[in-house]
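Here the structure is laid out as structure tokens; the discussion comes afterwards.
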Amino acid sequence: MKKLILGLAVTASSLAFAQQTPTTSTNPVTFGIKGGMNVSSLSQGADLDDSKSKIGFNAGVFANIPVATNFSIQPEVLYNDLGSKSTRKTNFLGNEYRSDYSTNLGYVAVPVMFQYNVIPNLYLEAGPEFGFLVSAKDKLKTSTNGNTDATSTSTLNKDDFQTFNFGIGIGAGYYFTDNLGLTARYTAGVTDIFKNNSGDAVRNNVFQVGLAFKFK
């Protein structure tokens, strides 16, 4: 709970700062929306040696706060679909049996990015990300010779997971117009996603690419 309050306090403080920052024709505070694709994975733990990347999505809002000529702070609130997947295949009597298993972890993420404009439309960024687990599910799909046999989804016990997730993000973005831009970011997890984990730490990692739209 303390970590949840901390993350929300960081966001609230940044947004309050955005409202109080003087705006000019050259350095206005701007707000926007963004979204795109996640390519997420879990670092290999004792039972995750065969895990692979999973495709997901992210979507949310942001405020861009100029603090100097080429520097700005960008707090965001996003929904992040993270996790990983694995595939197992067996052959028996000339048939191929396949099981596709995915772990789907949903987070409300609060990145706070420090951005540097290399040129007016191109920026580099880095900063912390605070995440709060809101859902945890497993999905299983079985098939024979490429034909789907069954699919099932089960809800995982969130008490087995850490509610708070912390990561460090680095990225870049390019605005084609004053409003529309392409963004890319890699966020490496720092905290173990599991509670009471006696083995190797399992961390979230994600590469994100998407579009951002600033309201001006």
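Residues in the structure tokens are named by chain (A, B, ... in the order shown) and by number from 1 within that chain; ligands are numbered from 1 in the order shown.
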Need to verify the contact set: region 159-164 of chain A, 6 Å, only C-alpha atoms, exclusion of same-chain residues closer than 3 positions in sequence. Can you return it as an MDAnalysis selection string?
chainID A and resid 131:133 193:195
DSSP-assigned strand (DSSP E) members of region 4-182 of chain A, reported as a PyMOL selection string:
chain A and resi 30-42+54-66+71-92+95-119+122-144+147-155+164-175+180-182
Helix (DSSP H, G or I) residues, from DSSP on the backbone, in region 17-199 of chain A, as a PyMOL selection string:
chain A and resi 17-20+158-160
With distances taken over only C-alpha atoms, which residue among A:Arg203, A:Lys216, A:Arg185, A:Lys85 lies nearest Asn165 (chain A)?
A:Arg203
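Of the listed residues A:Phe207, A:Tyr174, A:Phe92, A:Phe166, the one whose atoms come nearest to Tyr186 (chain A) is A:Phe207, with distances taken using only C-alpha atoms.
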Which residues are near Val134 (chain A)? Cut-off 9 Å, only C-alpha atoms, ignore same chain within fewer than 3 positions. Put them as a list in words.
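Surrounding residues, per the criterion: Leu105, Gly106, Tyr107, Val108, Lys158 and Thr163 of chain A.
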Pick out the closest residue to Tyr101 (chain A) from this set: A:Asp178, A:Asp138, A:Asp192, A:Asp81. Count only C-alpha atoms.
A:Asp138
Pick out the residues sitting within 7 Å of region 33-41 of chain A, and hand them over as a PDB file with all heavy atoms, in the first residue's frame; count only C-alpha atoms, and ignore anything fewer than 2 positions along from it in its own chain.
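Output file out.pdb is given in full below:
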ATOM      1  N   SER A  43      12.090 -12.805 -17.150  1.00  0.00           N
ATOM      2  CA  SER A  43      13.451 -13.312 -17.028  1.00  0.00           C
ATOM      3  C   SER A  43      13.395 -14.755 -16.570  1.00  0.00           C
ATOM      4  O   SER A  43      12.489 -15.161 -15.845  1.00  0.00           O
ATOM      5  CB  SER A  43      14.250 -12.464 -16.029  1.00  0.00           C
ATOM      6  OG  SER A  43      13.676 -12.548 -14.734  1.00  0.00           O
ATOM      7  N   LYS A  52       9.028 -17.618 -23.735  1.00  0.00           N
ATOM      8  CA  LYS A  52       9.333 -16.772 -24.883  1.00  0.00           C
ATOM      9  C   LYS A  52       8.530 -15.480 -24.774  1.00  0.00           C
ATOM     10  O   LYS A  52       7.702 -15.324 -23.887  1.00  0.00           O
ATOM     11  CB  LYS A  52       9.010 -17.500 -26.184  1.00  0.00           C
ATOM     12  CG  LYS A  52       9.832 -18.768 -26.400  1.00  0.00           C
ATOM     13  CD  LYS A  52       9.403 -19.473 -27.675  1.00  0.00           C
ATOM     14  CE  LYS A  52      10.300 -20.686 -27.952  1.00  0.00           C
ATOM     15  NZ  LYS A  52      10.195 -21.702 -26.895  1.00  0.00           N
ATOM     16  N   SER A  53       8.789 -14.571 -25.703  1.00  0.00           N
ATOM     17  CA  SER A  53       8.112 -13.291 -25.680  1.00  0.00           C
ATOM     18  C   SER A  53       6.627 -13.439 -26.017  1.00  0.00           C
ATOM     19  O   SER A  53       6.227 -14.313 -26.781  1.00  0.00           O
ATOM     20  CB  SER A  53       8.759 -12.324 -26.674  1.00  0.00           C
ATOM     21  OG  SER A  53      10.100 -12.063 -26.319  1.00  0.00           O
ATOM     22  N   LYS A  54       5.821 -12.545 -25.443  1.00  0.00           N
ATOM     23  CA  LYS A  54       4.380 -12.527 -25.671  1.00  0.00           C
ATOM     24  C   LYS A  54       3.985 -11.159 -26.229  1.00  0.00           C
ATOM     25  O   LYS A  54       4.480 -10.131 -25.785  1.00  0.00           O
ATOM     26  CB  LYS A  54       3.628 -12.783 -24.361  1.00  0.00           C
ATOM     27  CG  LYS A  54       2.108 -12.785 -24.498  1.00  0.00           C
ATOM     28  CD  LYS A  54       1.450 -12.984 -23.146  1.00  0.00           C
ATOM     29  CE  LYS A  54       1.418 -11.693 -22.347  1.00  0.00           C
ATOM     30  NZ  LYS A  54       0.415 -10.713 -22.874  1.00  0.00           N
ATOM     31  N   ILE A  55       3.078 -11.157 -27.196  1.00  0.00           N
ATOM     32  CA  ILE A  55       2.579  -9.904 -27.752  1.00  0.00           C
ATOM     33  C   ILE A  55       1.410  -9.407 -26.901  1.00  0.00           C
ATOM     34  O   ILE A  55       0.480 -10.164 -26.591  1.00  0.00           O
ATOM     35  CB  ILE A  55       2.120 -10.080 -29.207  1.00  0.00           C
ATOM     36  CG1 ILE A  55       3.279 -10.604 -30.064  1.00  0.00           C
ATOM     37  CG2 ILE A  55       1.593  -8.758 -29.763  1.00  0.00           C
ATOM     38  CD1 ILE A  55       4.469  -9.681 -30.127  1.00  0.00           C
ATOM     39  N   GLY A  56       1.446  -8.145 -26.516  1.00  0.00           N
ATOM     40  CA  GLY A  56       0.373  -7.531 -25.752  1.00  0.00           C
ATOM     41  C   GLY A  56       0.175  -6.092 -26.196  1.00  0.00           C
ATOM     42  O   GLY A  56       0.526  -5.722 -27.317  1.00  0.00           O
ATOM     43  N   PHE A  57      -0.348  -5.263 -25.317  1.00  0.00           N
ATOM     44  CA  PHE A  57      -0.616  -3.881 -25.686  1.00  0.00           C
ATOM     45  C   PHE A  57      -0.419  -2.955 -24.489  1.00  0.00           C
ATOM     46  O   PHE A  57      -0.342  -3.393 -23.340  1.00  0.00           O
ATOM     47  CB  PHE A  57      -2.041  -3.729 -26.233  1.00  0.00           C
ATOM     48  CG  PHE A  57      -3.113  -3.832 -25.169  1.00  0.00           C
ATOM     49  CD1 PHE A  57      -3.640  -2.699 -24.572  1.00  0.00           C
ATOM     50  CD2 PHE A  57      -3.574  -5.075 -24.751  1.00  0.00           C
ATOM     51  CE1 PHE A  57      -4.621  -2.789 -23.591  1.00  0.00           C
ATOM     52  CE2 PHE A  57      -4.551  -5.190 -23.769  1.00  0.00           C
ATOM     53  CZ  PHE A  57      -5.070  -4.030 -23.190  1.00  0.00           C
ATOM     54  N   ASN A  58      -0.322  -1.664 -24.782  1.00  0.00           N
ATOM     55  CA  ASN A  58      -0.311  -0.634 -23.751  1.00  0.00           C
ATOM     56  C   ASN A  58      -1.147   0.535 -24.228  1.00  0.00           C
ATOM     57  O   ASN A  58      -1.248   0.783 -25.438  1.00  0.00           O
ATOM     58  CB  ASN A  58       1.116  -0.194 -23.418  1.00  0.00           C
ATOM     59  CG  ASN A  58       1.772   0.533 -24.580  1.00  0.00           C
ATOM     60  OD1 ASN A  58       1.621   1.741 -24.742  1.00  0.00           O
ATOM     61  ND2 ASN A  58       2.522  -0.205 -25.411  1.00  0.00           N
ATOM     62  N   ALA A  59      -1.766   1.264 -23.301  1.00  0.00           N
ATOM     63  CA  ALA A  59      -2.580   2.422 -23.655  1.00  0.00           C
ATOM     64  C   ALA A  59      -2.740   3.307 -22.431  1.00  0.00           C
ATOM     65  O   ALA A  59      -2.822   2.811 -21.295  1.00  0.00           O
ATOM     66  CB  ALA A  59      -3.951   1.987 -24.172  1.00  0.00           C
ATOM     67  N   GLY A  60      -2.759   4.627 -22.658  1.00  0.00           N
ATOM     68  CA  GLY A  60      -2.932   5.526 -21.531  1.00  0.00           C
ATOM     69  C   GLY A  60      -2.790   6.984 -21.901  1.00  0.00           C
ATOM     70  O   GLY A  60      -2.952   7.373 -23.059  1.00  0.00           O
ATOM     71  N   VAL A  61      -2.477   7.796 -20.894  1.00  0.00           N
ATOM     72  CA  VAL A  61      -2.403   9.251 -21.049  1.00  0.00           C
ATOM     73  C   VAL A  61      -1.062   9.745 -20.525  1.00  0.00           C
ATOM     74  O   VAL A  61      -0.374   9.052 -19.769  1.00  0.00           O
ATOM     75  CB  VAL A  61      -3.547   9.947 -20.292  1.00  0.00           C
ATOM     76  CG1 VAL A  61      -4.898   9.532 -20.852  1.00  0.00           C
ATOM     77  CG2 VAL A  61      -3.489   9.621 -18.798  1.00  0.00           C
ATOM     78  N   PHE A  62      -0.684  10.972 -20.932  1.00  0.00           N
ATOM     79  CA  PHE A  62       0.575  11.548 -20.463  1.00  0.00           C
ATOM     80  C   PHE A  62       0.484  13.067 -20.429  1.00  0.00           C
ATOM     81  O   PHE A  62      -0.413  13.676 -21.031  1.00  0.00           O
ATOM     82  CB  PHE A  62       1.736  11.122 -21.370  1.00  0.00           C
ATOM     83  CG  PHE A  62       1.668  11.642 -22.779  1.00  0.00           C
ATOM     84  CD1 PHE A  62       2.219  12.886 -23.112  1.00  0.00           C
ATOM     85  CD2 PHE A  62       1.064  10.896 -23.777  1.00  0.00           C
ATOM     86  CE1 PHE A  62       2.145  13.356 -24.416  1.00  0.00           C
ATOM     87  CE2 PHE A  62       0.992  11.368 -25.086  1.00  0.00           C
ATOM     88  CZ  PHE A  62       1.540  12.605 -25.410  1.00  0.00           C
ATOM     89  N   LEU A  82       1.487  -7.451 -19.745  1.00  0.00           N
ATOM     90  CA  LEU A  82       2.802  -8.079 -19.722  1.00  0.00           C
ATOM     91  C   LEU A  82       2.677  -9.592 -19.547  1.00  0.00           C
ATOM     92  O   LEU A  82       1.582 -10.137 -19.492  1.00  0.00           O
ATOM     93  CB  LEU A  82       3.649  -7.489 -18.584  1.00  0.00           C
ATOM     94  CG  LEU A  82       3.832  -5.967 -18.586  1.00  0.00           C
ATOM     95  CD1 LEU A  82       4.713  -5.538 -17.420  1.00  0.00           C
ATOM     96  CD2 LEU A  82       4.412  -5.483 -19.902  1.00  0.00           C
ATOM     97  N   GLY A  83       3.829 -10.267 -19.460  1.00  0.00           N
ATOM     98  CA  GLY A  83       3.844 -11.709 -19.253  1.00  0.00           C
ATOM     99  C   GLY A  83       4.765 -12.409 -20.235  1.00  0.00           C
ATOM    100  O   GLY A  83       5.697 -11.819 -20.779  1.00  0.00           O
ATOM    101  N   SER A  84       4.493 -13.685 -20.475  1.00  0.00           N
ATOM    102  CA  SER A  84       5.308 -14.465 -21.402  1.00  0.00           C
ATOM    103  C   SER A  84       4.484 -15.645 -21.897  1.00  0.00           C
ATOM    104  O   SER A  84       3.356 -15.869 -21.439  1.00  0.00           O
ATOM    105  CB  SER A  84       6.583 -14.972 -20.726  1.00  0.00           C
ATOM    106  OG  SER A  84       6.276 -15.943 -19.739  1.00  0.00           O
ATOM    107  N   ASN A 204       9.784  -8.724 -14.950  1.00  0.00           N
ATOM    108  CA  ASN A 204       9.138  -8.298 -16.192  1.00  0.00           C
ATOM    109  C   ASN A 204      10.112  -7.527 -17.061  1.00  0.00           C
ATOM    110  O   ASN A 204      10.868  -6.679 -16.561  1.00  0.00           O
ATOM    111  CB  ASN A 204       7.950  -7.381 -15.888  1.00  0.00           C
ATOM    112  CG  ASN A 204       6.745  -8.125 -15.379  1.00  0.00           C
ATOM    113  OD1 ASN A 204       6.249  -9.040 -16.028  1.00  0.00           O
ATOM    114  ND2 ASN A 204       6.248  -7.729 -14.216  1.00  0.00           N
ATOM    115  N   ASN A 205      10.100  -7.806 -18.354  1.00  0.00           N
ATOM    116  CA  ASN A 205      10.841  -7.022 -19.333  1.00  0.00           C
ATOM    117  C   ASN A 205       9.928  -6.797 -20.524  1.00  0.00           C
ATOM    118  O   ASN A 205       9.193  -7.707 -20.934  1.00  0.00           O
ATOM    119  CB  ASN A 205      12.108  -7.755 -19.794  1.00  0.00           C
ATOM    120  CG  ASN A 205      13.079  -7.990 -18.652  1.00  0.00           C
ATOM    121  OD1 ASN A 205      13.624  -7.061 -18.087  1.00  0.00           O
ATOM    122  ND2 ASN A 205      13.285  -9.258 -18.308  1.00  0.00           N
ATOM    123  N   VAL A 206       9.972  -5.584 -21.100  1.00  0.00           N
ATOM    124  CA  VAL A 206       9.062  -5.303 -22.205  1.00  0.00           C
ATOM    125  C   VAL A 206       9.656  -4.279 -23.162  1.00  0.00           C
ATOM    126  O   VAL A 206      10.278  -3.300 -22.740  1.00  0.00           O
ATOM    127  CB  VAL A 206       7.693  -4.811 -21.674  1.00  0.00           C
ATOM    128  CG1 VAL A 206       7.831  -3.530 -20.860  1.00  0.00           C
ATOM    129  CG2 VAL A 206       6.702  -4.616 -22.816  1.00  0.00           C
ATOM    130  N   PHE A 207       9.466  -4.536 -24.457  1.00  0.00           N
ATOM    131  CA  PHE A 207       9.759  -3.549 -25.502  1.00  0.00           C
ATOM    132  C   PHE A 207       8.426  -3.036 -26.023  1.00  0.00           C
ATOM    133  O   PHE A 207       7.530  -3.836 -26.347  1.00  0.00           O
ATOM    134  CB  PHE A 207      10.563  -4.179 -26.638  1.00  0.00           C
ATOM    135  CG  PHE A 207      10.763  -3.246 -27.801  1.00  0.00           C
ATOM    136  CD1 PHE A 207      11.663  -2.193 -27.722  1.00  0.00           C
ATOM    137  CD2 PHE A 207      10.036  -3.422 -28.970  1.00  0.00           C
ATOM    138  CE1 PHE A 207      11.837  -1.325 -28.789  1.00  0.00           C
ATOM    139  CE2 PHE A 207      10.205  -2.556 -30.040  1.00  0.00           C
ATOM    140  CZ  PHE A 207      11.111  -1.502 -29.940  1.00  0.00           C
ATOM    141  N   GLN A 208       8.293  -1.714 -26.090  1.00  0.00           N
ATOM    142  CA  GLN A 208       7.040  -1.100 -26.511  1.00  0.00           C
ATOM    143  C   GLN A 208       7.268  -0.221 -27.733  1.00  0.00           C
ATOM    144  O   GLN A 208       8.260   0.512 -27.802  1.00  0.00           O
ATOM    145  CB  GLN A 208       6.462  -0.234 -25.382  1.00  0.00           C
ATOM    146  CG  GLN A 208       6.199  -1.000 -24.093  1.00  0.00           C
ATOM    147  CD  GLN A 208       5.870  -0.078 -22.938  1.00  0.00           C
ATOM    148  OE1 GLN A 208       6.526   0.922 -22.732  1.00  0.00           O
ATOM    149  NE2 GLN A 208       4.844  -0.408 -22.192  1.00  0.00           N
ATOM    150  N   VAL A 209       6.326  -0.277 -28.658  1.00  0.00           N
ATOM    151  CA  VAL A 209       6.347   0.630 -29.806  1.00  0.00           C
ATOM    152  C   VAL A 209       4.911   1.052 -30.058  1.00  0.00           C
ATOM    153  O   VAL A 209       3.975   0.253 -29.923  1.00  0.00           O
ATOM    154  CB  VAL A 209       6.975  -0.043 -31.059  1.00  0.00           C
ATOM    155  CG1 VAL A 209       6.166  -1.258 -31.502  1.00  0.00           C
ATOM    156  CG2 VAL A 209       7.117   0.951 -32.201  1.00  0.00           C
ATOM    157  N   GLY A 210       4.728   2.329 -30.379  1.00  0.00           N
ATOM    158  CA  GLY A 210       3.362   2.797 -30.572  1.00  0.00           C
ATOM    159  C   GLY A 210       3.302   4.226 -31.068  1.00  0.00           C
ATOM    160  O   GLY A 210       4.301   4.793 -31.539  1.00  0.00           O
ATOM    161  N   LEU A 211       2.132   4.802 -30.934  1.00  0.00           N
ATOM    162  CA  LEU A 211       1.869   6.169 -31.370  1.00  0.00           C
ATOM    163  C   LEU A 211       1.464   7.031 -30.195  1.00  0.00           C
ATOM    164  O   LEU A 211       0.831   6.548 -29.248  1.00  0.00           O
ATOM    165  CB  LEU A 211       0.767   6.202 -32.436  1.00  0.00           C
ATOM    166  CG  LEU A 211       1.063   5.491 -33.765  1.00  0.00           C
ATOM    167  CD1 LEU A 211      -0.181   5.483 -34.639  1.00  0.00           C
ATOM    168  CD2 LEU A 211       2.222   6.154 -34.487  1.00  0.00           C
ATOM    169  N   ALA A 212       1.836   8.321 -30.241  1.00  0.00           N
ATOM    170  CA  ALA A 212       1.436   9.285 -29.232  1.00  0.00           C
ATOM    171  C   ALA A 212       0.770  10.467 -29.933  1.00  0.00           C
ATOM    172  O   ALA A 212       1.204  10.880 -31.017  1.00  0.00           O
ATOM    173  CB  ALA A 212       2.650   9.759 -28.439  1.00  0.00           C
ATOM    174  N   PHE A 213      -0.273  10.988 -29.302  1.00  0.00           N
ATOM    175  CA  PHE A 213      -0.970  12.147 -29.870  1.00  0.00           C
ATOM    176  C   PHE A 213      -1.071  13.227 -28.811  1.00  0.00           C
ATOM    177  O   PHE A 213      -1.632  13.014 -27.746  1.00  0.00           O
ATOM    178  CB  PHE A 213      -2.383  11.767 -30.347  1.00  0.00           C
ATOM    179  CG  PHE A 213      -3.108  12.890 -31.029  1.00  0.00           C
ATOM    180  CD1 PHE A 213      -2.926  13.142 -32.370  1.00  0.00           C
ATOM    181  CD2 PHE A 213      -3.972  13.700 -30.310  1.00  0.00           C
ATOM    182  CE1 PHE A 213      -3.599  14.186 -33.003  1.00  0.00           C
ATOM    183  CE2 PHE A 213      -4.646  14.737 -30.924  1.00  0.00           C
ATOM    184  CZ  PHE A 213      -4.452  14.985 -32.281  1.00  0.00           C
ATOM    185  N   LYS A 214      -0.509  14.402 -29.106  1.00  0.00           N
ATOM    186  CA  LYS A 214      -0.551  15.549 -28.207  1.00  0.00           C
ATOM    187  C   LYS A 214      -1.723  16.450 -28.587  1.00  0.00           C
ATOM    188  O   LYS A 214      -1.957  16.740 -29.759  1.00  0.00           O
ATOM    189  CB  LYS A 214       0.746  16.361 -28.290  1.00  0.00           C
ATOM    190  CG  LYS A 214       1.956  15.702 -27.690  1.00  0.00           C
ATOM    191  CD  LYS A 214       3.154  16.624 -27.795  1.00  0.00           C
ATOM    192  CE  LYS A 214       4.411  16.005 -27.193  1.00  0.00           C
ATOM    193  NZ  LYS A 214       5.593  16.905 -27.311  1.00  0.00           N
TER     194      LYS A 214
END
